[in-house]
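For reference, query_38.pdb (PDB, C-alpha atoms and all ligand atoms):
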```
ATOM      1  CA  MET Z   1      20.956 -22.775 -44.908  1.00  0.00           C
ATOM      2  CA  SER Z   2      23.603 -21.417 -42.616  1.00  0.00           C
ATOM      3  CA  GLN Z   3      22.146 -17.894 -42.978  1.00  0.00           C
ATOM      4  CA  GLN Z   4      18.745 -19.223 -41.918  1.00  0.00           C
ATOM      5  CA  TYR Z   5      20.339 -20.960 -38.955  1.00  0.00           C
ATOM      6  CA  ASP Z   6      22.095 -17.719 -37.887  1.00  0.00           C
ATOM      7  CA  ARG Z   7      18.844 -15.810 -38.178  1.00  0.00           C
ATOM      8  CA  ARG Z   8      17.053 -18.367 -35.979  1.00  0.00           C
ATOM      9  CA  LYS Z   9      19.847 -18.254 -33.439  1.00  0.00           C
ATOM     10  CA  PHE Z  10      19.777 -14.463 -33.408  1.00  0.00           C
ATOM     11  CA  LEU Z  11      15.989 -14.335 -32.940  1.00  0.00           C
ATOM     12  CA  SER Z  12      16.173 -16.942 -30.199  1.00  0.00           C
ATOM     13  CA  ARG Z  13      18.763 -14.928 -28.307  1.00  0.00           C
ATOM     14  CA  LEU Z  14      16.791 -11.719 -28.828  1.00  0.00           C
ATOM     15  CA  TRP Z  15      13.710 -13.437 -27.421  1.00  0.00           C
ATOM     16  CA  SER Z  16      15.637 -14.641 -24.364  1.00  0.00           C
ATOM     17  CA  TRP Z  17      17.032 -11.178 -23.698  1.00  0.00           C
ATOM     18  CA  SER Z  18      13.583  -9.576 -24.051  1.00  0.00           C
ATOM     19  CA  ALA Z  19      12.015 -12.082 -21.674  1.00  0.00           C
ATOM     20  CA  GLY Z  20      14.804 -11.432 -19.178  1.00  0.00           C
ATOM     21  CA  LEU Z  21      14.292  -7.677 -19.383  1.00  0.00           C
ATOM     22  CA  VAL Z  22      10.530  -8.003 -18.901  1.00  0.00           C
ATOM     23  CA  ALA Z  23      11.061 -10.250 -15.858  1.00  0.00           C
ATOM     24  CA  ALA Z  24      13.584  -7.816 -14.340  1.00  0.00           C
ATOM     25  CA  ALA Z  25      11.262  -4.845 -14.903  1.00  0.00           C
ATOM     26  CA  GLY Z  26       8.364  -6.745 -13.303  1.00  0.00           C
ATOM     27  CA  THR Z  27      10.437  -7.688 -10.283  1.00  0.00           C
ATOM     28  CA  TRP Z  28      11.644  -4.117  -9.815  1.00  0.00           C
ATOM     29  CA  THR Z  29       8.124  -2.674 -10.141  1.00  0.00           C
ATOM     30  CA  THR Z  30       6.704  -5.157  -7.639  1.00  0.00           C
ATOM     31  CA  TRP Z  31       9.436  -4.394  -5.117  1.00  0.00           C
ATOM     32  CA  ASP Z  32       9.065  -0.628  -5.632  1.00  0.00           C
ATOM     33  CA  VAL Z  33       5.308  -0.791  -5.042  1.00  0.00           C
ATOM     34  CA  LEU Z  34       5.418  -3.098  -2.016  1.00  0.00           C
ATOM     35  CA  LYS Z  35       8.438  -1.845  -0.086  1.00  0.00           C
ATOM     36  CA  PRO Z  36       7.815   0.637   2.736  1.00  0.00           C
ATOM     37  CA  LYS Z  37       9.282   4.033   1.838  1.00  0.00           C
ATOM     38  CA  ALA Z  38      12.150   5.593   3.723  1.00  0.00           C
ATOM     39  CA  SER Z  39      10.321   8.775   4.764  1.00  0.00           C
ATOM     40  CA  VAL Z  40       9.091   7.159   7.979  1.00  0.00           C
ATOM     41  CA  GLY Z  41      10.974   8.451  10.983  1.00  0.00           C
ATOM     42  CA  ALA Z  42      11.947  11.720   9.305  1.00  0.00           C
ATOM     43  CA  GLY Z  43       9.724  13.733  11.701  1.00  0.00           C
ATOM     44  CA  PRO Z  44       6.955  16.255  11.053  1.00  0.00           C
ATOM     45  CA  VAL Z  45       5.593  16.459   7.500  1.00  0.00           C
ATOM     46  CA  ARG Z  46       3.102  19.160   6.448  1.00  0.00           C
ATOM     47  CA  THR Z  47       0.350  17.600   4.363  1.00  0.00           C
ATOM     48  CA  VAL Z  48      -3.090  18.942   3.424  1.00  0.00           C
ATOM     49  CA  SER Z  49      -5.912  20.996   4.871  1.00  0.00           C
ATOM     50  CA  PRO Z  50      -8.294  19.055   7.133  1.00  0.00           C
ATOM     51  CA  ASP Z  51     -11.064  19.833   4.616  1.00  0.00           C
ATOM     52  CA  GLU Z  52      -9.294  17.707   2.008  1.00  0.00           C
ATOM     53  CA  VAL Z  53      -9.374  14.544   4.135  1.00  0.00           C
ATOM     54  CA  PRO Z  54     -12.251  12.255   3.112  1.00  0.00           C
ATOM     55  CA  SER Z  55     -14.620  10.697   5.621  1.00  0.00           C
ATOM     56  CA  SER Z  56     -15.713   7.835   3.356  1.00  0.00           C
ATOM     57  CA  GLY Z  57     -12.386   6.879   1.789  1.00  0.00           C
ATOM     58  CA  VAL Z  58      -8.697   7.566   2.259  1.00  0.00           C
ATOM     59  CA  LEU Z  59      -6.161  10.003   0.856  1.00  0.00           C
ATOM     60  CA  GLU Z  60      -2.762   8.465   0.063  1.00  0.00           C
ATOM     61  CA  ILE Z  61       0.136  10.745   0.967  1.00  0.00           C
ATOM     62  CA  ARG Z  62       3.424   9.424  -0.390  1.00  0.00           C
ATOM     63  CA  GLU Z  63       5.527  11.795   1.728  1.00  0.00           C
ATOM     64  CA  ILE Z  64       4.308  10.112   4.930  1.00  0.00           C
ATOM     65  CA  SER Z  65       4.217   6.606   3.478  1.00  0.00           C
ATOM     66  CA  GLY Z  66       0.630   6.440   4.535  1.00  0.00           C
ATOM     67  CA  TYR Z  67      -2.961   7.530   4.360  1.00  0.00           C
ATOM     68  CA  LEU Z  68      -5.227  10.136   5.899  1.00  0.00           C
ATOM     69  CA  THR Z  69      -8.865   9.542   6.660  1.00  0.00           C
ATOM     70  CA  ARG Z  70     -11.404  11.047   9.016  1.00  0.00           C
ATOM     71  CA  VAL Z  71     -13.868   9.893  11.648  1.00  0.00           C
ATOM     72  CA  GLU Z  72     -16.201  12.813  12.366  1.00  0.00           C
ATOM     73  CA  ASP Z  73     -13.795  15.630  13.327  1.00  0.00           C
ATOM     74  CA  GLU Z  74     -10.813  13.419  14.045  1.00  0.00           C
ATOM     75  CA  VAL Z  75      -8.121  12.911  11.374  1.00  0.00           C
ATOM     76  CA  VAL Z  76      -6.503   9.470  11.377  1.00  0.00           C
ATOM     77  CA  ALA Z  77      -3.025   9.077   9.843  1.00  0.00           C
ATOM     78  CA  LEU Z  78      -2.056   5.488   9.031  1.00  0.00           C
ATOM     79  CA  TRP Z  79       1.355   4.082   8.128  1.00  0.00           C
ATOM     80  CA  TRP Z  80       0.949   1.877   5.058  1.00  0.00           C
ATOM     81  CA  ARG Z  81       3.377  -0.757   6.371  1.00  0.00           C
ATOM     82  CA  CYS Z  82       1.615  -4.039   7.159  1.00  0.00           C
ATOM     83  CA  PRO Z  83       2.085  -5.057  10.803  1.00  0.00           C
ATOM     84  CA  HIS Z  84       2.565  -8.653   9.668  1.00  0.00           C
ATOM     85  CA  LEU Z  85       5.785  -8.648   7.587  1.00  0.00           C
ATOM     86  CA  GLY Z  86       5.991  -5.094   6.335  1.00  0.00           C
ATOM     87  CA  CYS Z  87       4.482  -5.005   2.843  1.00  0.00           C
ATOM     88  CA  LYS Z  88       2.753  -1.854   1.666  1.00  0.00           C
ATOM     89  CA  VAL Z  89      -0.976  -2.235   2.291  1.00  0.00           C
ATOM     90  CA  PRO Z  90      -3.032  -0.658  -0.520  1.00  0.00           C
ATOM     91  CA  TRP Z  91      -6.547   0.710  -0.244  1.00  0.00           C
ATOM     92  CA  CYS Z  92      -9.122  -1.234  -2.254  1.00  0.00           C
ATOM     93  CA  ASP Z  93     -11.730   1.099  -3.772  1.00  0.00           C
ATOM     94  CA  THR Z  94     -14.230  -1.631  -4.617  1.00  0.00           C
ATOM     95  CA  SER Z  95     -14.436  -3.067  -1.083  1.00  0.00           C
ATOM     96  CA  ALA Z  96     -13.513   0.171   0.759  1.00  0.00           C
ATOM     97  CA  GLN Z  97     -10.974  -1.508   3.009  1.00  0.00           C
ATOM     98  CA  PHE Z  98      -7.222  -2.054   3.170  1.00  0.00           C
ATOM     99  CA  GLU Z  99      -6.062  -5.403   1.751  1.00  0.00           C
ATOM    100  CA  CYS Z 100      -2.476  -6.611   2.009  1.00  0.00           C
ATOM    101  CA  PRO Z 101      -1.430  -8.419  -1.188  1.00  0.00           C
ATOM    102  CA  CYS Z 102       1.369 -10.376   0.497  1.00  0.00           C
ATOM    103  CA  HIS Z 103      -0.520 -12.719   2.837  1.00  0.00           C
ATOM    104  CA  GLY Z 104      -4.078 -11.420   2.816  1.00  0.00           C
ATOM    105  CA  SER Z 105      -4.484  -9.350   5.963  1.00  0.00           C
ATOM    106  CA  VAL Z 106      -7.469  -7.022   5.773  1.00  0.00           C
ATOM    107  CA  PHE Z 107      -8.157  -3.823   7.729  1.00  0.00           C
ATOM    108  CA  ASN Z 108     -11.067  -1.395   7.817  1.00  0.00           C
ATOM    109  CA  ARG Z 109     -10.876   2.265   6.762  1.00  0.00           C
ATOM    110  CA  VAL Z 110      -9.288   3.385  10.038  1.00  0.00           C
ATOM    111  CA  GLY Z 111      -6.774   0.527   9.946  1.00  0.00           C
ATOM    112  CA  GLU Z 112      -8.502  -1.789  12.425  1.00  0.00           C
ATOM    113  CA  TYR Z 113      -7.827  -5.516  12.000  1.00  0.00           C
ATOM    114  CA  ARG Z 114     -10.404  -7.584  10.125  1.00  0.00           C
ATOM    115  CA  ARG Z 115      -8.681 -10.849   9.258  1.00  0.00           C
ATOM    116  CA  GLY Z 116      -5.420 -12.481   8.221  1.00  0.00           C
ATOM    117  CA  PRO Z 117      -2.041 -13.164   9.809  1.00  0.00           C
ATOM    118  CA  ALA Z 118      -1.337  -9.587  10.970  1.00  0.00           C
ATOM    119  CA  PRO Z 119      -1.109  -9.494  14.781  1.00  0.00           C
ATOM    120  CA  ARG Z 120      -2.865  -6.099  15.093  1.00  0.00           C
ATOM    121  CA  GLY Z 121      -4.338  -3.210  13.183  1.00  0.00           C
ATOM    122  CA  MET Z 122      -2.288  -0.793  11.084  1.00  0.00           C
ATOM    123  CA  ASP Z 123      -0.016   1.586  12.972  1.00  0.00           C
ATOM    124  CA  HIS Z 124      -0.886   5.282  13.392  1.00  0.00           C
ATOM    125  CA  TYR Z 125       1.081   8.511  13.286  1.00  0.00           C
ATOM    126  CA  SER Z 126       0.498  11.455  15.609  1.00  0.00           C
ATOM    127  CA  THR Z 127      -1.004  14.507  13.944  1.00  0.00           C
ATOM    128  CA  THR Z 128      -1.453  18.192  14.752  1.00  0.00           C
ATOM    129  CA  VAL Z 129      -2.894  21.098  12.787  1.00  0.00           C
ATOM    130  CA  GLU Z 130      -0.571  24.033  12.179  1.00  0.00           C
ATOM    131  CA  SER Z 131      -1.342  27.074  10.015  1.00  0.00           C
ATOM    132  CA  GLY Z 132      -4.351  25.279   8.534  1.00  0.00           C
ATOM    133  CA  LEU Z 133      -2.462  22.133   7.504  1.00  0.00           C
ATOM    134  CA  ILE Z 134      -2.318  18.678   9.037  1.00  0.00           C
ATOM    135  CA  VAL Z 135       1.198  17.956  10.247  1.00  0.00           C
ATOM    136  CA  VAL Z 136       1.971  14.249  10.480  1.00  0.00           C
ATOM    137  CA  ASP Z 137       4.811  13.254  12.775  1.00  0.00           C
ATOM    138  CA  THR Z 138       6.383  10.275  11.036  1.00  0.00           C
ATOM    139  CA  ALA Z 139       8.715   9.784  14.008  1.00  0.00           C
ATOM    140  CA  SER Z 140       5.778   9.237  16.373  1.00  0.00           C
ATOM    141  CA  ILE Z 141       4.120   5.915  15.618  1.00  0.00           C
ATOM    142  CA  THR Z 142       1.590   4.083  17.769  1.00  0.00           C
ATOM    143  CA  ASN Z 143       0.933   0.378  17.255  1.00  0.00           C
ATOM    144  CA  GLY Z 144      -2.462  -0.529  15.882  1.00  0.00           C
ATOM    145  CA  ASP Z 145      -5.009  -2.100  18.219  1.00  0.00           C
ATOM    146  CA  ALA Z 146      -5.146  -5.833  18.857  1.00  0.00           C
ATOM    147  CA  PRO Z 147      -7.840  -7.697  16.932  1.00  0.00           C
ATOM    148  CA  GLY Z 148     -11.254  -7.040  18.433  1.00  0.00           C
ATOM    149  CA  ASP Z 149     -14.368  -4.985  17.873  1.00  0.00           C
ATOM    150  CA  GLU Z 150     -14.253  -2.335  15.165  1.00  0.00           C
ATOM    151  CA  SER Z 151     -14.986   1.269  16.159  1.00  0.00           C
ATOM    152  CA  ILE Z 152     -16.700   2.091  12.841  1.00  0.00           C
ATOM    153  CA  ASP Z 153     -19.624   0.279  11.263  1.00  0.00           C
ATOM    154  CA  GLU Z 154     -18.401   0.053   7.668  1.00  0.00           C
ATOM    155  CA  PRO Z 155     -18.562  -3.467   6.228  1.00  0.00           C
ATOM    156  CA  PRO Z 156     -17.030  -4.066   2.769  1.00  0.00           C
ATOM    157  CA  ILE Z 157     -19.110  -2.366   0.066  1.00  0.00           C
ATOM    158  CA  GLY Z 158     -18.209  -4.693  -2.808  1.00  0.00           C
ATOM    159  CA  PRO Z 159     -15.709  -7.196  -4.215  1.00  0.00           C
ATOM    160  CA  GLU Z 160     -12.246  -7.367  -2.691  1.00  0.00           C
ATOM    161  CA  CYS Z 161      -9.103  -6.572  -4.659  1.00  0.00           C
ATOM    162  CA  LEU Z 162      -7.313  -9.628  -3.274  1.00  0.00           C
ATOM    163  CA  GLU Z 163      -7.210 -12.584  -5.642  1.00  0.00           C
ATOM    164  CA  GLY Z 164      -9.617 -15.165  -4.294  1.00  0.00           C
ATOM    165  CA  GLY Z 165     -10.906 -12.639  -1.746  1.00  0.00           C
ATOM    166  CA  GLU Z 166     -14.426 -12.422  -0.408  1.00  0.00           C
ATOM    167  CA  GLY Z 167     -17.256 -10.682  -2.190  1.00  0.00           C
TER
HETATM  168  S1  LIG Z 201       2.797  -8.660   5.077  1.00  0.00           S
HETATM  169 FE1  LIG Z 201       0.712  -8.125   5.053  1.00  0.00          FE
HETATM  170  S2  LIG Z 201      -0.278  -9.968   5.501  1.00  0.00           S
HETATM  171 FE2  LIG Z 201       1.825 -10.493   5.533  1.00  0.00          FE
END
```
Translate this file's structure into structure tokens.
Ligand code: FES
Amino acid sequence: MSQQYDRRKFLSRLWSWSAGLVAAAGTWTTWDVLKPKASVGAGPVRTVSPDEVPSSGVLEIREISGYLTRVEDEVVALWWRCPHLGCKVPWCDTSAQFECPCHGSVFNRVGEYRRGPAPRGMDHYSTTVESGLIVVDTASITNGDAPGDESIDEPPIGPECLEGGEG
């Protein structure tokens, strides 16, 4: 009887420890995904050839904590930090727009404001092309535009990634 009791106690403790570890791992992963990375402000970062930048999607570049996309011949470099409270804003492939998981701000492919509590569009980096590569200056950031008309005509193409989102 006492052996059975010890076994139950042991399994109960093991279960509690496992649940605690899973919760800690989940918390760490969530923070790691959502926090803005420290590379911003480091200065010029050489990235990719202009030919590699998509015109109908975005290319995530971890080294600049942001994304590259293109509008005709112009490359747009966006900082992934949400202008509301600073969460990382991921690209949603199914809707083809940026959707912030923290409070639901939504931005179009070039980072222009669509809806939500963010006060403006996503911020931009300055870029140049040197020796055939796009150089993103992570120390040169321009605030995104205030909410208003969008400069590209690209409505969402499908369901949003946000829980309870439109589409
Ligand atoms: S941090 Fe993105 S909507 Fe609040």
Applied to this file, what does the PyMOL selection byres (((chain Z and resi 148-153) around 12) and not hetatm) return in terms of residues, put as a PDB file with C-alpha atoms, in the coordinates of the input?
```pdb
ATOM      1  CA  SER Z  55     -14.620  10.697   5.621  1.00  0.00           C
ATOM      2  CA  SER Z  56     -15.713   7.835   3.356  1.00  0.00           C
ATOM      3  CA  ARG Z  70     -11.404  11.047   9.016  1.00  0.00           C
ATOM      4  CA  VAL Z  71     -13.868   9.893  11.648  1.00  0.00           C
ATOM      5  CA  GLU Z  72     -16.201  12.813  12.366  1.00  0.00           C
ATOM      6  CA  GLN Z  97     -10.974  -1.508   3.009  1.00  0.00           C
ATOM      7  CA  PHE Z 107      -8.157  -3.823   7.729  1.00  0.00           C
ATOM      8  CA  ASN Z 108     -11.067  -1.395   7.817  1.00  0.00           C
ATOM      9  CA  ARG Z 109     -10.876   2.265   6.762  1.00  0.00           C
ATOM     10  CA  VAL Z 110      -9.288   3.385  10.038  1.00  0.00           C
ATOM     11  CA  GLY Z 111      -6.774   0.527   9.946  1.00  0.00           C
ATOM     12  CA  GLU Z 112      -8.502  -1.789  12.425  1.00  0.00           C
ATOM     13  CA  TYR Z 113      -7.827  -5.516  12.000  1.00  0.00           C
ATOM     14  CA  ARG Z 114     -10.404  -7.584  10.125  1.00  0.00           C
ATOM     15  CA  ARG Z 115      -8.681 -10.849   9.258  1.00  0.00           C
ATOM     16  CA  PRO Z 119      -1.109  -9.494  14.781  1.00  0.00           C
ATOM     17  CA  ARG Z 120      -2.865  -6.099  15.093  1.00  0.00           C
ATOM     18  CA  GLY Z 121      -4.338  -3.210  13.183  1.00  0.00           C
ATOM     19  CA  GLY Z 144      -2.462  -0.529  15.882  1.00  0.00           C
ATOM     20  CA  ASP Z 145      -5.009  -2.100  18.219  1.00  0.00           C
ATOM     21  CA  ALA Z 146      -5.146  -5.833  18.857  1.00  0.00           C
ATOM     22  CA  PRO Z 147      -7.840  -7.697  16.932  1.00  0.00           C
ATOM     23  CA  GLU Z 154     -18.401   0.053   7.668  1.00  0.00           C
ATOM     24  CA  PRO Z 155     -18.562  -3.467   6.228  1.00  0.00           C
ATOM     25  CA  PRO Z 156     -17.030  -4.066   2.769  1.00  0.00           C
ATOM     26  CA  ILE Z 157     -19.110  -2.366   0.066  1.00  0.00           C
TER      27      ILE Z 157
END
```
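For the choices Z:Val40, Z:Leu14, Z:Cys161, Z:Ala19, the atom-to-atom distance to Z:Ser95 is smallest for Z:Cys161 when using only C-alpha atoms.
With atom CA of Z:Gly43 on one side and atom CA of Z:Thr128 on the other, the separation reads 12.4 Å.
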Can you work out which residues are within 7 Å of ligand LIG 201 (chain Z), considering all atoms listed in the file, and then hand them over as a VMD selection string? chain Z and resid 82 to 87 89 100 to 105 116 to 118
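Closest approach to Z:Ser65 among Z:Leu162, Z:Val106, Z:Val53, Z:Val45: Z:Val45, based on only C-alpha atoms.
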Given the PyMOL selection byres (((chain Z and resi 158) around 9) and not hetatm) and the file above, list the residues it selects as a ChimeraX atom specification. /Z:93-96,156-157,159-160,166-167
Some atoms are absent from stretch 121-132 of chain Z, so rebuild all heavy atoms and return them as a PDB file, keeping the file's coordinate frame.
```pdb
ATOM      1  N   GLY Z 121      -3.957  -4.161  14.222  1.00  0.00           N
ATOM      2  CA  GLY Z 121      -4.338  -3.210  13.183  1.00  0.00           C
ATOM      3  C   GLY Z 121      -3.127  -2.443  12.677  1.00  0.00           C
ATOM      4  O   GLY Z 121      -2.004  -2.578  13.189  1.00  0.00           O
ATOM      5  N   MET Z 122      -3.369  -1.601  11.664  1.00  0.00           N
ATOM      6  CA  MET Z 122      -2.288  -0.793  11.084  1.00  0.00           C
ATOM      7  C   MET Z 122      -1.845   0.278  12.091  1.00  0.00           C
ATOM      8  O   MET Z 122      -2.644   0.769  12.886  1.00  0.00           O
ATOM      9  CB  MET Z 122      -2.780  -0.126   9.793  1.00  0.00           C
ATOM     10  CG  MET Z 122      -3.083  -1.138   8.687  1.00  0.00           C
ATOM     11  SD  MET Z 122      -4.023  -0.442   7.300  1.00  0.00           S
ATOM     12  CE  MET Z 122      -2.808   0.646   6.569  1.00  0.00           C
ATOM     13  N   ASP Z 123      -0.568   0.612  12.031  1.00  0.00           N
ATOM     14  CA  ASP Z 123      -0.016   1.586  12.972  1.00  0.00           C
ATOM     15  C   ASP Z 123      -0.401   3.012  12.566  1.00  0.00           C
ATOM     16  O   ASP Z 123      -0.626   3.299  11.396  1.00  0.00           O
ATOM     17  CB  ASP Z 123       1.508   1.446  13.036  1.00  0.00           C
ATOM     18  CG  ASP Z 123       1.921   0.045  13.511  1.00  0.00           C
ATOM     19  OD1 ASP Z 123       1.086  -0.642  14.150  1.00  0.00           O
ATOM     20  OD2 ASP Z 123       3.068  -0.356  13.260  1.00  0.00           O
ATOM     21  N   HIS Z 124      -0.436   3.896  13.594  1.00  0.00           N
ATOM     22  CA  HIS Z 124      -0.886   5.282  13.392  1.00  0.00           C
ATOM     23  C   HIS Z 124       0.250   6.265  13.646  1.00  0.00           C
ATOM     24  O   HIS Z 124       1.101   6.023  14.501  1.00  0.00           O
ATOM     25  CB  HIS Z 124      -1.974   5.650  14.418  1.00  0.00           C
ATOM     26  CG  HIS Z 124      -3.201   4.826  14.360  1.00  0.00           C
ATOM     27  ND1 HIS Z 124      -4.455   5.382  14.279  1.00  0.00           N
ATOM     28  CD2 HIS Z 124      -3.384   3.482  14.374  1.00  0.00           C
ATOM     29  CE1 HIS Z 124      -5.356   4.416  14.239  1.00  0.00           C
ATOM     30  NE2 HIS Z 124      -4.725   3.252  14.303  1.00  0.00           N
ATOM     31  N   TYR Z 125       0.192   7.390  12.977  1.00  0.00           N
ATOM     32  CA  TYR Z 125       1.081   8.511  13.286  1.00  0.00           C
ATOM     33  C   TYR Z 125       0.323   9.514  14.162  1.00  0.00           C
ATOM     34  O   TYR Z 125      -0.896   9.621  14.081  1.00  0.00           O
ATOM     35  CB  TYR Z 125       1.474   9.264  12.021  1.00  0.00           C
ATOM     36  CG  TYR Z 125       2.227   8.496  10.983  1.00  0.00           C
ATOM     37  CD1 TYR Z 125       1.656   8.264   9.729  1.00  0.00           C
ATOM     38  CD2 TYR Z 125       3.525   8.050  11.202  1.00  0.00           C
ATOM     39  CE1 TYR Z 125       2.360   7.605   8.737  1.00  0.00           C
ATOM     40  CE2 TYR Z 125       4.229   7.382  10.205  1.00  0.00           C
ATOM     41  CZ  TYR Z 125       3.640   7.155   8.981  1.00  0.00           C
ATOM     42  OH  TYR Z 125       4.329   6.509   7.994  1.00  0.00           O
ATOM     43  N   SER Z 126       1.089  10.310  14.908  1.00  0.00           N
ATOM     44  CA  SER Z 126       0.498  11.455  15.609  1.00  0.00           C
ATOM     45  C   SER Z 126       0.305  12.588  14.613  1.00  0.00           C
ATOM     46  O   SER Z 126       1.111  12.761  13.696  1.00  0.00           O
ATOM     47  CB  SER Z 126       1.445  11.963  16.705  1.00  0.00           C
ATOM     48  OG  SER Z 126       1.701  10.960  17.628  1.00  0.00           O
ATOM     49  N   THR Z 127      -0.761  13.360  14.822  1.00  0.00           N
ATOM     50  CA  THR Z 127      -1.004  14.507  13.944  1.00  0.00           C
ATOM     51  C   THR Z 127      -1.311  15.753  14.775  1.00  0.00           C
ATOM     52  O   THR Z 127      -1.802  15.655  15.902  1.00  0.00           O
ATOM     53  CB  THR Z 127      -2.201  14.271  12.999  1.00  0.00           C
ATOM     54  OG1 THR Z 127      -3.377  14.092  13.789  1.00  0.00           O
ATOM     55  CG2 THR Z 127      -1.981  13.074  12.107  1.00  0.00           C
ATOM     56  N   THR Z 128      -1.027  16.904  14.204  1.00  0.00           N
ATOM     57  CA  THR Z 128      -1.453  18.192  14.752  1.00  0.00           C
ATOM     58  C   THR Z 128      -1.914  19.027  13.559  1.00  0.00           C
ATOM     59  O   THR Z 128      -1.683  18.649  12.408  1.00  0.00           O
ATOM     60  CB  THR Z 128      -0.286  18.925  15.455  1.00  0.00           C
ATOM     61  OG1 THR Z 128       0.821  19.007  14.552  1.00  0.00           O
ATOM     62  CG2 THR Z 128       0.145  18.198  16.728  1.00  0.00           C
ATOM     63  N   VAL Z 129      -2.545  20.164  13.864  1.00  0.00           N
ATOM     64  CA  VAL Z 129      -2.894  21.098  12.787  1.00  0.00           C
ATOM     65  C   VAL Z 129      -2.136  22.393  13.036  1.00  0.00           C
ATOM     66  O   VAL Z 129      -2.207  22.954  14.120  1.00  0.00           O
ATOM     67  CB  VAL Z 129      -4.414  21.362  12.739  1.00  0.00           C
ATOM     68  CG1 VAL Z 129      -4.742  22.400  11.667  1.00  0.00           C
ATOM     69  CG2 VAL Z 129      -5.168  20.065  12.455  1.00  0.00           C
ATOM     70  N   GLU Z 130      -1.354  22.793  12.065  1.00  0.00           N
ATOM     71  CA  GLU Z 130      -0.571  24.033  12.179  1.00  0.00           C
ATOM     72  C   GLU Z 130      -0.775  24.871  10.925  1.00  0.00           C
ATOM     73  O   GLU Z 130      -0.607  24.369   9.817  1.00  0.00           O
ATOM     74  CB  GLU Z 130       0.924  23.702  12.346  1.00  0.00           C
ATOM     75  CG  GLU Z 130       1.260  23.046  13.671  1.00  0.00           C
ATOM     76  CD  GLU Z 130       2.711  22.582  13.747  1.00  0.00           C
ATOM     77  OE1 GLU Z 130       3.564  23.117  12.999  1.00  0.00           O
ATOM     78  OE2 GLU Z 130       2.982  21.669  14.545  1.00  0.00           O
ATOM     79  N   SER Z 131      -1.110  26.140  11.131  1.00  0.00           N
ATOM     80  CA  SER Z 131      -1.342  27.074  10.015  1.00  0.00           C
ATOM     81  C   SER Z 131      -2.284  26.478   8.978  1.00  0.00           C
ATOM     82  O   SER Z 131      -2.058  26.597   7.764  1.00  0.00           O
ATOM     83  CB  SER Z 131      -0.017  27.461   9.346  1.00  0.00           C
ATOM     84  OG  SER Z 131       0.882  27.972  10.291  1.00  0.00           O
ATOM     85  N   GLY Z 132      -3.325  25.800   9.435  1.00  0.00           N
ATOM     86  CA  GLY Z 132      -4.351  25.279   8.534  1.00  0.00           C
ATOM     87  C   GLY Z 132      -3.990  23.994   7.815  1.00  0.00           C
ATOM     88  O   GLY Z 132      -4.724  23.550   6.940  1.00  0.00           O
TER      89      GLY Z 132
END
```
